[in-house]
file entry18.cif (mmCIF, C-alpha atoms)
data_my_file
loop_
_atom_site.label_atom_id
_atom_site.label_comp_id
_atom_site.auth_asym_id
_atom_site.auth_seq_id
_atom_site.Cartn_x
_atom_site.Cartn_y
_atom_site.Cartn_z
CA MET T 23 298.79 137.67 123.06
CA LYS T 24 300.08 135.68 126.01
CA ARG T 25 299.24 138.48 128.43
CA ILE T 26 295.68 138.60 127.19
CA LEU T 27 295.40 134.83 127.52
CA ALA T 28 296.67 135.00 131.08
CA PHE T 29 293.73 137.23 132.00
CA LEU T 30 291.21 134.94 130.35
CA PRO T 31 290.62 132.69 133.41
CA ILE T 32 289.96 135.76 135.56
CA VAL T 33 287.52 137.17 133.01
CA ILE T 34 285.70 133.83 132.82
CA ALA T 35 285.63 133.59 136.64
CA VAL T 36 284.18 137.11 136.92
CA ILE T 37 281.47 136.38 134.32
CA LEU T 38 280.59 133.09 135.99
CA GLY T 39 280.63 134.75 139.42
CA GLY T 40 278.30 137.48 138.21
CA PHE T 41 275.91 134.90 136.83
CA LEU T 42 275.93 132.94 140.10
CA LEU T 43 275.43 136.13 142.10
CA TRP T 44 272.41 136.91 139.95
CA GLY T 45 271.12 133.42 140.69
CA LEU T 46 271.49 134.01 144.45
CA ASN T 47 269.26 137.10 144.40
CA PRO T 48 266.44 136.21 146.83
CA ASP T 49 264.00 138.50 144.99
CA ARG T 50 264.34 136.50 141.79
CA ASP T 51 261.63 133.88 141.48
CA PRO T 52 262.65 131.20 138.99
CA ASN T 53 259.08 129.93 138.88
CA GLU T 54 257.75 133.25 137.70
CA ILE T 55 256.14 132.99 134.29
CA PRO T 56 256.50 136.13 132.22
CA SER T 57 253.16 137.29 130.85
CA VAL T 58 252.82 137.89 127.14
CA LEU T 59 249.83 140.12 127.79
CA ILE T 60 251.78 143.10 129.13
CA SER T 61 251.43 146.11 126.76
CA GLN T 62 248.92 144.10 124.72
CA PRO T 63 245.21 144.83 124.34
CA VAL T 64 242.95 142.76 126.59
CA PRO T 65 242.28 139.29 125.17
CA ALA T 66 238.97 138.57 123.45
CA PHE T 67 236.42 136.97 125.76
CA ASP T 68 232.75 137.30 126.57
CA LEU T 69 231.45 135.94 129.84
CA PRO T 70 227.84 135.76 131.08
CA PRO T 71 226.99 136.98 134.59
CA VAL T 72 227.07 134.58 137.51
CA GLU T 73 223.72 132.83 137.48
CA GLY T 74 221.29 134.41 139.92
CA LEU T 75 223.49 137.43 140.61
CA ASP T 76 222.50 141.01 139.74
CA THR T 77 226.05 142.01 138.78
CA PRO T 78 226.37 142.12 134.95
CA GLY T 79 228.72 139.83 133.02
CA LEU T 80 232.11 140.79 131.66
CA SER T 81 233.50 140.95 128.12
CA SER T 82 236.52 142.49 126.36
CA ALA T 83 234.35 145.42 125.24
CA ASP T 84 233.66 146.39 128.87
CA LEU T 85 237.39 146.68 129.46
CA ALA T 86 238.19 148.57 126.26
CA GLU T 87 235.52 151.21 126.89
CA ASN T 88 237.17 153.21 129.60
CA ASP T 89 237.63 156.97 129.81
CA GLY T 90 240.89 156.50 131.67
CA SER T 91 239.83 158.41 134.77
CA ALA T 92 239.86 155.25 136.85
CA PRO T 93 242.10 152.31 135.99
CA ILE T 94 240.41 148.95 135.71
CA VAL T 95 241.56 146.04 137.83
CA VAL T 96 240.56 142.59 136.66
CA ASN T 97 240.65 140.01 139.41
CA VAL T 98 240.34 136.28 138.80
CA PHE T 99 238.75 134.65 141.83
CA ALA T 100 236.81 131.63 143.01
CA SER T 101 234.99 130.70 146.17
CA TRP T 102 237.09 127.52 146.47
CA CYS T 103 240.27 129.57 146.47
CA VAL T 104 241.36 130.20 150.05
CA PRO T 105 243.82 133.07 149.47
CA CYS T 106 241.09 134.87 147.49
CA ARG T 107 239.23 135.30 150.76
CA ALA T 108 242.13 137.26 152.26
CA GLU T 109 242.70 139.19 149.05
CA HIS T 110 239.03 140.16 148.90
CA ALA T 111 239.42 142.54 151.85
CA VAL T 112 242.41 144.26 150.22
CA LEU T 113 240.60 144.73 146.91
CA THR T 114 237.45 145.99 148.64
CA ARG T 115 239.53 148.62 150.43
CA MET T 116 241.26 149.61 147.19
CA VAL T 117 237.90 150.16 145.47
CA ARG T 118 237.00 152.51 148.32
CA GLU T 119 240.32 154.31 148.72
CA ASP T 120 242.22 154.10 145.42
CA GLY T 121 239.36 154.83 143.07
CA ILE T 122 239.76 151.71 140.95
CA ARG T 123 237.06 149.97 138.97
CA LEU T 124 237.14 146.32 140.00
CA MET T 125 236.03 143.65 137.54
CA GLY T 126 235.87 139.98 138.43
CA ILE T 127 236.30 136.74 136.57
CA ASN T 128 234.72 133.97 138.58
CA TYR T 129 236.89 131.03 137.59
CA LYS T 130 235.45 127.51 137.49
CA ASP T 131 233.07 128.16 140.33
CA LYS T 132 229.58 126.90 141.01
CA PRO T 133 227.16 129.87 140.74
CA GLN T 134 225.59 128.94 144.09
CA ASP T 135 229.00 128.90 145.83
CA ALA T 136 230.01 132.19 144.21
CA ARG T 137 226.75 133.85 145.32
CA ASN T 138 227.19 132.64 148.89
CA TRP T 139 230.81 133.77 148.93
CA LEU T 140 229.91 137.26 147.72
CA ALA T 141 226.93 137.51 150.09
CA ASP T 142 229.21 136.54 152.92
CA LEU T 143 232.15 138.83 152.18
CA GLY T 144 230.48 141.60 150.20
CA ASN T 145 230.58 142.31 146.48
CA PRO T 146 233.08 145.01 145.47
CA TYR T 147 232.93 144.02 141.79
CA GLU T 148 231.39 146.28 139.16
CA ARG T 149 231.02 143.37 136.76
CA ILE T 150 231.61 139.65 137.18
CA GLY T 151 232.00 137.19 134.34
CA SER T 152 231.32 133.56 135.09
CA ASP T 153 234.05 131.41 133.55
CA LEU T 154 232.63 127.95 134.17
CA ASP T 155 234.84 125.98 131.78
CA GLY T 156 237.99 128.06 132.25
CA ARG T 157 238.25 129.10 128.60
CA ALA T 158 238.46 132.82 129.36
CA GLY T 159 241.17 131.93 131.87
CA ILE T 160 243.19 130.40 129.05
CA GLU T 161 242.69 133.55 126.95
CA TRP T 162 244.17 135.51 129.85
CA GLY T 163 246.97 132.98 130.20
CA ILE T 164 246.35 132.42 133.89
CA SER T 165 248.07 129.55 135.67
CA GLY T 166 245.98 129.60 138.82
CA VAL T 167 243.71 131.62 141.07
CA PRO T 168 243.92 134.38 142.19
CA GLU T 169 245.49 136.53 139.51
CA THR T 170 245.10 140.27 139.09
CA PHE T 171 245.53 142.47 136.02
CA VAL T 172 245.61 146.24 135.63
CA ILE T 173 244.10 147.73 132.45
CA ASP T 174 244.69 151.33 131.35
CA GLY T 175 242.30 153.69 129.58
CA ALA T 176 243.19 152.36 126.13
CA GLY T 177 242.26 148.83 127.12
CA THR T 178 245.88 147.75 127.35
CA VAL T 179 247.12 145.34 130.00
CA VAL T 180 249.83 147.11 132.01
CA PHE T 181 250.36 144.71 134.88
CA ARG T 182 249.83 141.13 135.94
CA PHE T 183 250.09 139.81 139.46
CA VAL T 184 250.10 136.08 140.15
CA GLY T 185 248.79 135.08 143.56
CA PRO T 186 246.91 137.05 146.20
CA VAL T 187 247.58 140.79 146.47
CA LEU T 188 248.54 140.68 150.15
CA GLY T 189 251.15 142.56 152.11
CA ASP T 190 252.82 145.91 151.55
CA GLU T 191 255.10 144.73 148.75
CA ALA T 192 252.31 143.29 146.60
CA ILE T 193 250.00 146.24 147.25
CA GLY T 194 252.88 148.60 146.45
CA LYS T 195 253.44 146.89 143.11
CA LEU T 196 249.75 147.10 142.30
CA ARG T 197 249.64 150.82 143.23
CA THR T 198 252.67 151.52 141.00
CA ALA T 199 250.88 149.80 138.13
CA LEU T 200 247.71 151.83 138.82
CA GLU T 201 249.76 155.01 138.69
CA GLN T 202 251.22 153.93 135.36
CA ALA T 203 247.73 153.18 134.02
CA ARG T 204 246.57 156.67 135.08
CA GLN T 205 249.56 158.26 133.36
CA ASN T 206 248.83 156.34 130.17
CA GLY T 207 245.55 158.27 130.19
CA ALA T 208 242.57 157.54 128.06
CA GLY T 209 244.52 156.65 124.94
CA GLU T 210 243.60 157.59 121.40
CA THR T 211 240.82 155.07 121.02
CA SER T 212 238.44 156.41 123.64
CA MET N 8 255.04 74.60 143.46
CA ILE N 9 252.85 77.22 145.17
CA ARG N 10 255.78 79.59 144.97
CA ARG N 11 256.11 79.05 141.28
CA VAL N 12 252.44 79.66 140.67
CA LEU N 13 252.62 82.80 142.77
CA ILE N 14 255.58 84.12 140.80
CA ALA N 15 253.85 83.32 137.53
CA ALA N 16 250.70 85.10 138.70
CA LEU N 17 252.63 88.16 139.80
CA THR N 18 254.58 88.29 136.55
CA LEU N 19 251.36 88.04 134.58
CA ALA N 20 249.80 90.82 136.66
CA ALA N 21 252.83 93.03 136.09
CA LEU N 22 252.72 92.38 132.34
CA LEU N 23 249.01 93.06 132.04
CA SER N 24 248.99 96.23 134.12
CA GLN N 25 249.13 99.53 132.32
CA PRO N 26 250.71 102.78 133.45
CA ALA N 27 248.24 105.37 134.68
CA PHE N 28 247.45 108.06 132.12
CA ALA N 29 246.35 111.60 132.76
CA VAL N 30 244.45 111.67 129.49
CA GLU N 31 241.02 110.38 130.30
CA PRO N 32 238.95 108.37 127.82
CA ASP N 33 236.28 111.06 127.49
CA GLU N 34 238.91 113.55 126.32
CA MET N 35 240.15 111.38 123.47
CA LEU N 36 239.13 112.03 119.90
CA ASP N 37 237.43 109.36 117.82
CA ASP N 38 239.79 109.94 114.93
CA PRO N 39 242.98 108.02 115.79
CA VAL N 40 245.12 110.19 113.50
CA LEU N 41 243.96 113.41 115.15
CA GLU N 42 244.30 111.85 118.60
CA GLU N 43 247.86 110.82 117.76
CA ARG N 44 248.67 114.39 116.72
CA ALA N 45 247.00 115.74 119.87
CA ARG N 46 249.15 113.45 122.02
CA ALA N 47 252.31 114.51 120.19
CA ILE N 48 251.49 118.21 120.66
CA SER N 49 250.54 117.69 124.31
CA LYS N 50 253.97 116.23 125.01
CA GLN N 51 255.61 119.47 123.84
CA VAL N 52 253.47 121.77 125.95
CA ARG N 53 254.36 122.66 129.51
CA CYS N 54 251.71 122.53 132.20
CA VAL N 55 251.68 126.08 133.57
CA VAL N 56 250.80 124.95 137.08
CA CYS N 57 253.16 122.01 137.55
CA GLN N 58 255.83 123.62 135.35
CA ASN N 59 258.11 120.63 134.79
CA GLN N 60 255.41 118.32 133.52
CA ASP N 61 253.92 118.27 130.05
CA ILE N 62 250.16 118.61 129.76
CA ASP N 63 249.91 115.06 128.44
CA SER N 64 250.95 113.58 131.78
CA SER N 65 249.57 116.19 134.16
CA ASN N 66 246.39 115.81 136.17
CA ALA N 67 246.06 119.54 136.86
CA GLY N 68 242.80 121.21 135.87
CA VAL N 69 244.47 123.70 133.55
CA ALA N 70 246.39 120.88 131.83
CA ARG N 71 243.11 119.12 131.14
CA ASP N 72 241.63 122.35 129.74
CA LEU N 73 244.64 122.80 127.50
CA ARG N 74 244.44 119.20 126.29
CA ASN N 75 240.81 119.75 125.36
CA LEU N 76 241.74 123.00 123.67
CA VAL N 77 244.47 121.31 121.61
CA ARG N 78 241.94 118.71 120.44
CA GLU N 79 239.36 121.39 119.70
CA ARG N 80 241.82 123.29 117.52
CA LEU N 81 242.83 120.12 115.68
CA VAL N 82 239.22 119.23 114.97
CA ALA N 83 238.71 122.78 113.70
CA GLY N 84 241.42 122.05 111.13
CA ASP N 85 244.49 123.74 112.61
CA THR N 86 247.94 122.46 111.75
CA ASP N 87 250.22 121.34 114.60
CA GLN N 88 252.17 124.57 114.31
CA GLU N 89 248.99 126.67 114.43
CA VAL N 90 247.93 124.94 117.64
CA LEU N 91 251.32 125.63 119.23
CA ASP N 92 251.23 129.25 118.03
CA PHE N 93 247.77 129.63 119.56
CA LEU N 94 249.12 128.52 122.94
CA VAL N 95 252.28 130.63 122.66
CA ALA N 96 250.15 133.71 121.94
CA ARG N 97 248.49 133.25 125.33
CA TYR N 98 251.17 131.73 127.53
CA GLY N 99 254.38 132.82 125.80
CA ASP N 100 257.37 130.74 124.72
CA TYR N 101 257.45 129.49 128.28
CA VAL N 102 254.69 127.03 127.47
CA LEU N 103 256.95 125.18 125.03
CA PHE N 104 259.47 122.67 126.36
CA LYS N 105 261.74 123.33 123.43
CA PRO N 106 262.52 127.05 123.19
CA PRO N 107 262.32 128.45 119.63
CA PHE N 108 265.47 129.57 117.83
CA LYS N 109 265.18 133.36 117.62
CA PRO N 110 267.31 136.43 118.47
CA SER N 111 266.50 136.36 122.19
CA THR N 112 267.51 132.69 122.46
CA TYR N 113 270.59 132.71 120.21
CA ILE N 114 272.86 132.73 123.28
CA LEU N 115 270.95 129.84 124.81
CA TRP N 116 271.30 127.66 121.73
CA ALA N 117 274.83 128.73 120.76
CA ALA N 118 276.42 128.71 124.25
CA PRO N 119 277.25 124.96 124.40
CA PHE N 120 278.97 125.06 121.00
CA VAL N 121 280.82 128.28 121.82
CA ILE N 122 282.08 126.84 125.10
CA LEU N 123 283.10 123.63 123.32
CA ALA N 124 284.97 125.68 120.71
CA ILE N 125 286.77 127.73 123.41
CA GLY N 126 287.81 124.50 125.12
CA GLY N 127 288.94 122.98 121.83
CA ILE N 128 291.01 126.04 120.94
CA ALA N 129 292.56 126.08 124.43
CA ILE N 130 293.58 122.43 124.12
CA ALA N 131 294.97 122.98 120.63
CA LEU N 132 297.03 125.97 121.84
CA VAL N 133 298.49 124.05 124.79
CA LEU N 134 299.34 121.06 122.61
CA ALA N 135 300.94 123.27 119.97
CA GLN N 136 303.00 125.01 122.65
CA ASN N 137 304.19 121.70 124.09
CA ALA N 138 305.15 120.42 120.68
CA ARG N 139 307.13 123.58 119.99
CA ARG N 140 308.94 123.35 123.32
CA TYR N 141 309.77 119.72 122.63
CA ARG N 142 311.19 120.57 119.21
CA ASN N 143 313.23 123.50 120.56
CA ALA N 144 314.70 121.34 123.29
CA ALA N 145 315.65 118.72 120.72
CA ARG N 146 317.35 121.33 118.54
CA GLN N 147 319.30 122.97 121.36
CA SER N 148 320.88 119.74 122.61
CA PRO N 149 321.29 117.42 119.69
CA GLU N 150 323.88 115.22 121.50
CA THR N 151 321.88 114.34 124.54
CA PRO N 152 318.68 112.47 123.83
CA VAL N 153 315.58 114.43 124.83
CA LYS N 154 313.95 113.10 127.94
CA GLU N 155 310.47 111.82 127.32
CA PRO N 156 307.97 113.59 129.59
CA ASN N 157 306.69 110.35 131.04
CA SER N 158 309.90 108.40 131.48
#
call {"tool": "encode", "arguments": {"input": "entry18.cif", "output": "structure tokens"}}
result
Amino acid sequence: MKRILAFLPIVIAVILGGFLLWGLNPDRDPNEIPSVLISQPVPAFDLPPVEGLDTPGLSSADLAENDGSAPIVVNVFASWCVPCRAEHAVLTRMVREDGIRLMGINYKDKPQDARNWLADLGNPYERIGSDLDGRAGIEWGISGVPETFVIDGAGTVVFRFVGPVLGDEAIGKLRTALEQARQNGAGETS
Amino acid sequence: MIRRVLIAALTLAALLSQPAFAVEPDEMLDDPVLEERARAISKQVRCVVCQNQDIDSSNAGVARDLRNLVRERLVAGDTDQEVLDFLVARYGDYVLFKPPFKPSTYILWAAPFVILAIGGIAIALVLAQNARRYRNAARQSPETPVKEPNS
């Protein structure tokens, strides 16, 4: 009994040390909010198109109806969001090279500003829903703009990325998620 | 005299002033009971942008949206718990300042008591050991008085 007790401080020190080591990990972001949407069907929402834009609006049904051949990426953006501008180029390239279907949620943006922004930078989006009051944003549980989601063929959310998809690490994460969405296939529902 | 008036004026100004609120008048509900419930719920909900602020005191856009949403749900007849569940379904337990008591948080809630118990047991063991040593020493040398530890 005494011998075991003598080791107790060491055991406690090792456990505490391990915990502190975990806390020191530079890759761990304590501000990261885990998403409840992962492995869940896309949330219910129905957004009209951006006023004066030819691109159709976006609803949950558009995301659920997918044959699984090309994963859907849902990108929340706004013209007032500066990092979105940089991210736009990355997403445009991914539409061209990675064979994704890009859907947009235009978050709390004036239609006029959104139109100018898209005319200026190009419009890689297949559909864009205009979320003027931010209610669809709440359904998606977003905390800011930009945010990016990957949806598989069954209409299930497989990945969420907070912030602009910029740099090799972020793009790598997104590509991994796209691969996963492709592997999930079309699902039973479609 | 002027000084006294000045002090009185300043005191009065300080007493009359109100702290700034994030909740704007146009957000408030007409029904004071519902509004009271909305405020109470808002104080338990974390602003997802500013993270360590509740939505009741945050000026962030999302916080305002969530405040309006809370009021909307209450007007629609939701109970307080239903409103909180609605938010948790979208933002996760993270949105609550007080984490719920469930299997994944048992350690979180139990840890302080477990650590307290370990400490208590350790103290009890040490004290018991000391007492035993003291008694043994007294038995072994009954002629010489046992030296008090602090003398």
call {"tool": "interface_residues", "arguments": {"input": "entry18.cif", "of": "chain T", "to": "chain N", "cutoff": "9 Å", "atoms": "only C-alpha atoms", "output": "ChimeraX atom specification"}}
result
/T:53,55-59,65,155-157,160-166
call {"tool": "atom_distance", "arguments": {"input": "entry18.cif", "atom1": "CA of Lys109 in chain N", "atom2": "CA of Ala47 in chain N"}}
result
23.0 Å
call {"tool": "residues_around", "arguments": {"input": "entry18.cif", "residues": "Arg80 in chain N", "least_positions_apart": "5", "cutoff": "10 Å", "atoms": "all atoms listed in the file", "output": "VMD selection string"}}
result
chain N and resid 45 75 85 to 87 89 to 91 93
call {"tool": "resolve_selection", "arguments": {"input": "entry18.cif", "expression": "the PyMOL selection byres ((chain T and resi 195-204) around 10)", "output": "PyMOL selection string"}}
result
chain T and resi 90-95+116+120-122+170-183+187+190-194+205-208
call {"tool": "resolve_selection", "arguments": {"input": "entry18.cif", "expression": "the PyMOL selection byres ((chain T and resi 152) around 6)", "output": "PyMOL selection string"}}
result
chain T and resi 69-72+128+151+153-154
call {"tool": "atom_distance", "arguments": {"input": "entry18.cif", "atom1": "CA of Lys132 in chain T", "atom2": "CA of Ser82 in chain T"}}
result
22.5 Å
call {"tool": "atom_distance", "arguments": {"input": "entry18.cif", "atom1": "CA of Val77 in chain N", "atom2": "CA of Ser49 in chain N"}}
result
7.6 Å
call {"tool": "axis_aligned_box", "arguments": {"input": "entry18.cif", "around": "range 133-145 of chain N", "padding_each_side": "3 Å", "output": "lines of an AutoDock Vina configuration file"}}
result
center_x = 307.1
center_y = 121.9
center_z = 122.0
size_x = 23.2
size_y = 12.3
size_z = 11.6
call {"tool": "closest_residue", "arguments": {"input": "entry18.cif", "among": "T:Ile150, T:Leu80, T:Val36, T:Ala100", "to": "Asp131 in chain T", "atoms": "all atoms listed in the file"}}
result
T:Ala100
call {"tool": "decode", "arguments": {"input": "entry18.cif", "residues": "range 69-171 of chain T", "atoms": "C-alpha atoms", "output": "tab-separated table (two decimals), in the first residue's frame"}}
result
chain	number	residue	atom	x	y	z
T	69	LEU	CA	-33.27	31.68	-49.73
T	70	PRO	CA	-34.36	33.85	-52.68
T	71	PRO	CA	-31.81	34.83	-55.34
T	72	VAL	CA	-29.84	38.04	-54.99
T	73	GLU	CA	-32.08	40.76	-56.35
T	74	GLY	CA	-31.24	41.61	-59.95
T	75	LEU	CA	-28.90	38.65	-60.41
T	76	ASP	CA	-29.55	35.81	-62.87
T	77	THR	CA	-28.12	33.14	-60.56
T	78	PRO	CA	-30.99	31.18	-58.93
T	79	GLY	CA	-31.60	31.16	-55.17
T	80	LEU	CA	-30.59	28.41	-52.79
T	81	SER	CA	-32.61	26.10	-50.53
T	82	SER	CA	-32.04	22.86	-48.61
T	83	ALA	CA	-33.67	20.90	-51.45
T	84	ASP	CA	-30.98	22.07	-53.90
T	85	LEU	CA	-28.33	20.60	-51.62
T	86	ALA	CA	-30.12	17.31	-50.94
T	87	GLU	CA	-30.68	16.59	-54.63
T	88	ASN	CA	-27.21	15.58	-55.66
T	89	ASP	CA	-26.13	12.51	-57.61
T	90	GLY	CA	-22.85	12.42	-55.71
T	91	SER	CA	-20.64	12.76	-58.77
T	92	ALA	CA	-19.50	16.20	-57.70
T	93	PRO	CA	-19.42	17.23	-54.04
T	94	ILE	CA	-21.20	20.44	-53.18
T	95	VAL	CA	-19.34	23.25	-51.47
T	96	VAL	CA	-21.45	25.85	-49.70
T	97	ASN	CA	-19.63	29.12	-49.18
T	98	VAL	CA	-20.95	31.92	-46.99
T	99	PHE	CA	-19.70	35.24	-48.33
T	100	ALA	CA	-20.38	38.95	-48.40
T	101	SER	CA	-19.04	41.88	-50.37
T	102	TRP	CA	-18.16	43.68	-47.11
T	103	CYS	CA	-15.98	40.77	-46.05
T	104	VAL	CA	-12.38	41.47	-47.00
T	105	PRO	CA	-10.94	37.94	-46.69
T	106	CYS	CA	-13.79	36.71	-48.95
T	107	ARG	CA	-12.14	38.62	-51.78
T	108	ALA	CA	-8.94	36.58	-51.43
T	109	GLU	CA	-10.86	33.35	-50.93
T	110	HIS	CA	-12.91	34.00	-54.06
T	111	ALA	CA	-9.91	33.31	-56.30
T	112	VAL	CA	-9.21	29.98	-54.54
T	113	LEU	CA	-12.83	28.84	-54.85
T	114	THR	CA	-13.01	29.90	-58.50
T	115	ARG	CA	-9.93	27.79	-59.24
T	116	MET	CA	-11.38	24.83	-57.34
T	117	VAL	CA	-14.57	24.97	-59.41
T	118	ARG	CA	-12.40	24.77	-62.52
T	119	GLU	CA	-9.87	22.19	-61.35
T	120	ASP	CA	-11.47	20.08	-58.61
T	121	GLY	CA	-14.87	19.58	-60.18
T	122	ILE	CA	-16.88	20.92	-57.26
T	123	ARG	CA	-20.31	22.48	-57.42
T	124	LEU	CA	-20.07	25.81	-55.62
T	125	MET	CA	-23.14	27.25	-53.91
T	126	GLY	CA	-23.15	30.62	-52.21
T	127	ILE	CA	-24.96	32.17	-49.30
T	128	ASN	CA	-24.73	35.92	-49.58
T	129	TYR	CA	-24.79	36.91	-45.92
T	130	LYS	CA	-26.30	40.24	-44.85
T	131	ASP	CA	-25.27	41.99	-48.02
T	132	LYS	CA	-26.93	44.71	-50.04
T	133	PRO	CA	-28.01	43.21	-53.40
T	134	GLN	CA	-26.38	46.12	-55.26
T	135	ASP	CA	-23.04	45.56	-53.46
T	136	ALA	CA	-23.20	41.81	-54.05
T	137	ARG	CA	-23.88	42.32	-57.77
T	138	ASN	CA	-20.97	44.74	-58.12
T	139	TRP	CA	-18.68	42.39	-56.21
T	140	LEU	CA	-19.56	39.44	-58.43
T	141	ALA	CA	-19.31	41.53	-61.62
T	142	ASP	CA	-15.90	42.68	-60.49
T	143	LEU	CA	-14.43	39.33	-59.45
T	144	GLY	CA	-16.50	36.91	-61.52
T	145	ASN	CA	-19.30	34.60	-60.43
T	146	PRO	CA	-18.22	30.99	-59.84
T	147	TYR	CA	-21.43	30.15	-57.97
T	148	GLU	CA	-24.03	27.78	-59.38
T	149	ARG	CA	-26.67	29.14	-57.03
T	150	ILE	CA	-26.64	32.04	-54.59
T	151	GLY	CA	-29.13	32.53	-51.79
T	152	SER	CA	-29.54	36.02	-50.43
T	153	ASP	CA	-29.59	35.91	-46.63
T	154	LEU	CA	-30.50	39.51	-45.85
T	155	ASP	CA	-31.49	39.09	-42.21
T	156	GLY	CA	-28.96	36.38	-41.35
T	157	ARG	CA	-31.57	33.79	-40.39
T	158	ALA	CA	-30.19	31.10	-42.70
T	159	GLY	CA	-26.79	31.86	-41.20
T	160	ILE	CA	-28.16	30.96	-37.78
T	161	GLU	CA	-29.59	27.71	-39.19
T	162	TRP	CA	-26.07	26.88	-40.39
T	163	GLY	CA	-24.64	27.92	-37.03
T	164	ILE	CA	-22.13	30.30	-38.56
T	165	SER	CA	-20.21	32.69	-36.33
T	166	GLY	CA	-18.87	34.94	-39.05
T	167	VAL	CA	-18.01	35.29	-42.72
T	168	PRO	CA	-16.51	33.53	-44.61
T	169	GLU	CA	-17.39	29.97	-43.73
T	170	THR	CA	-17.31	26.97	-46.03
T	171	PHE	CA	-19.15	23.65	-45.84
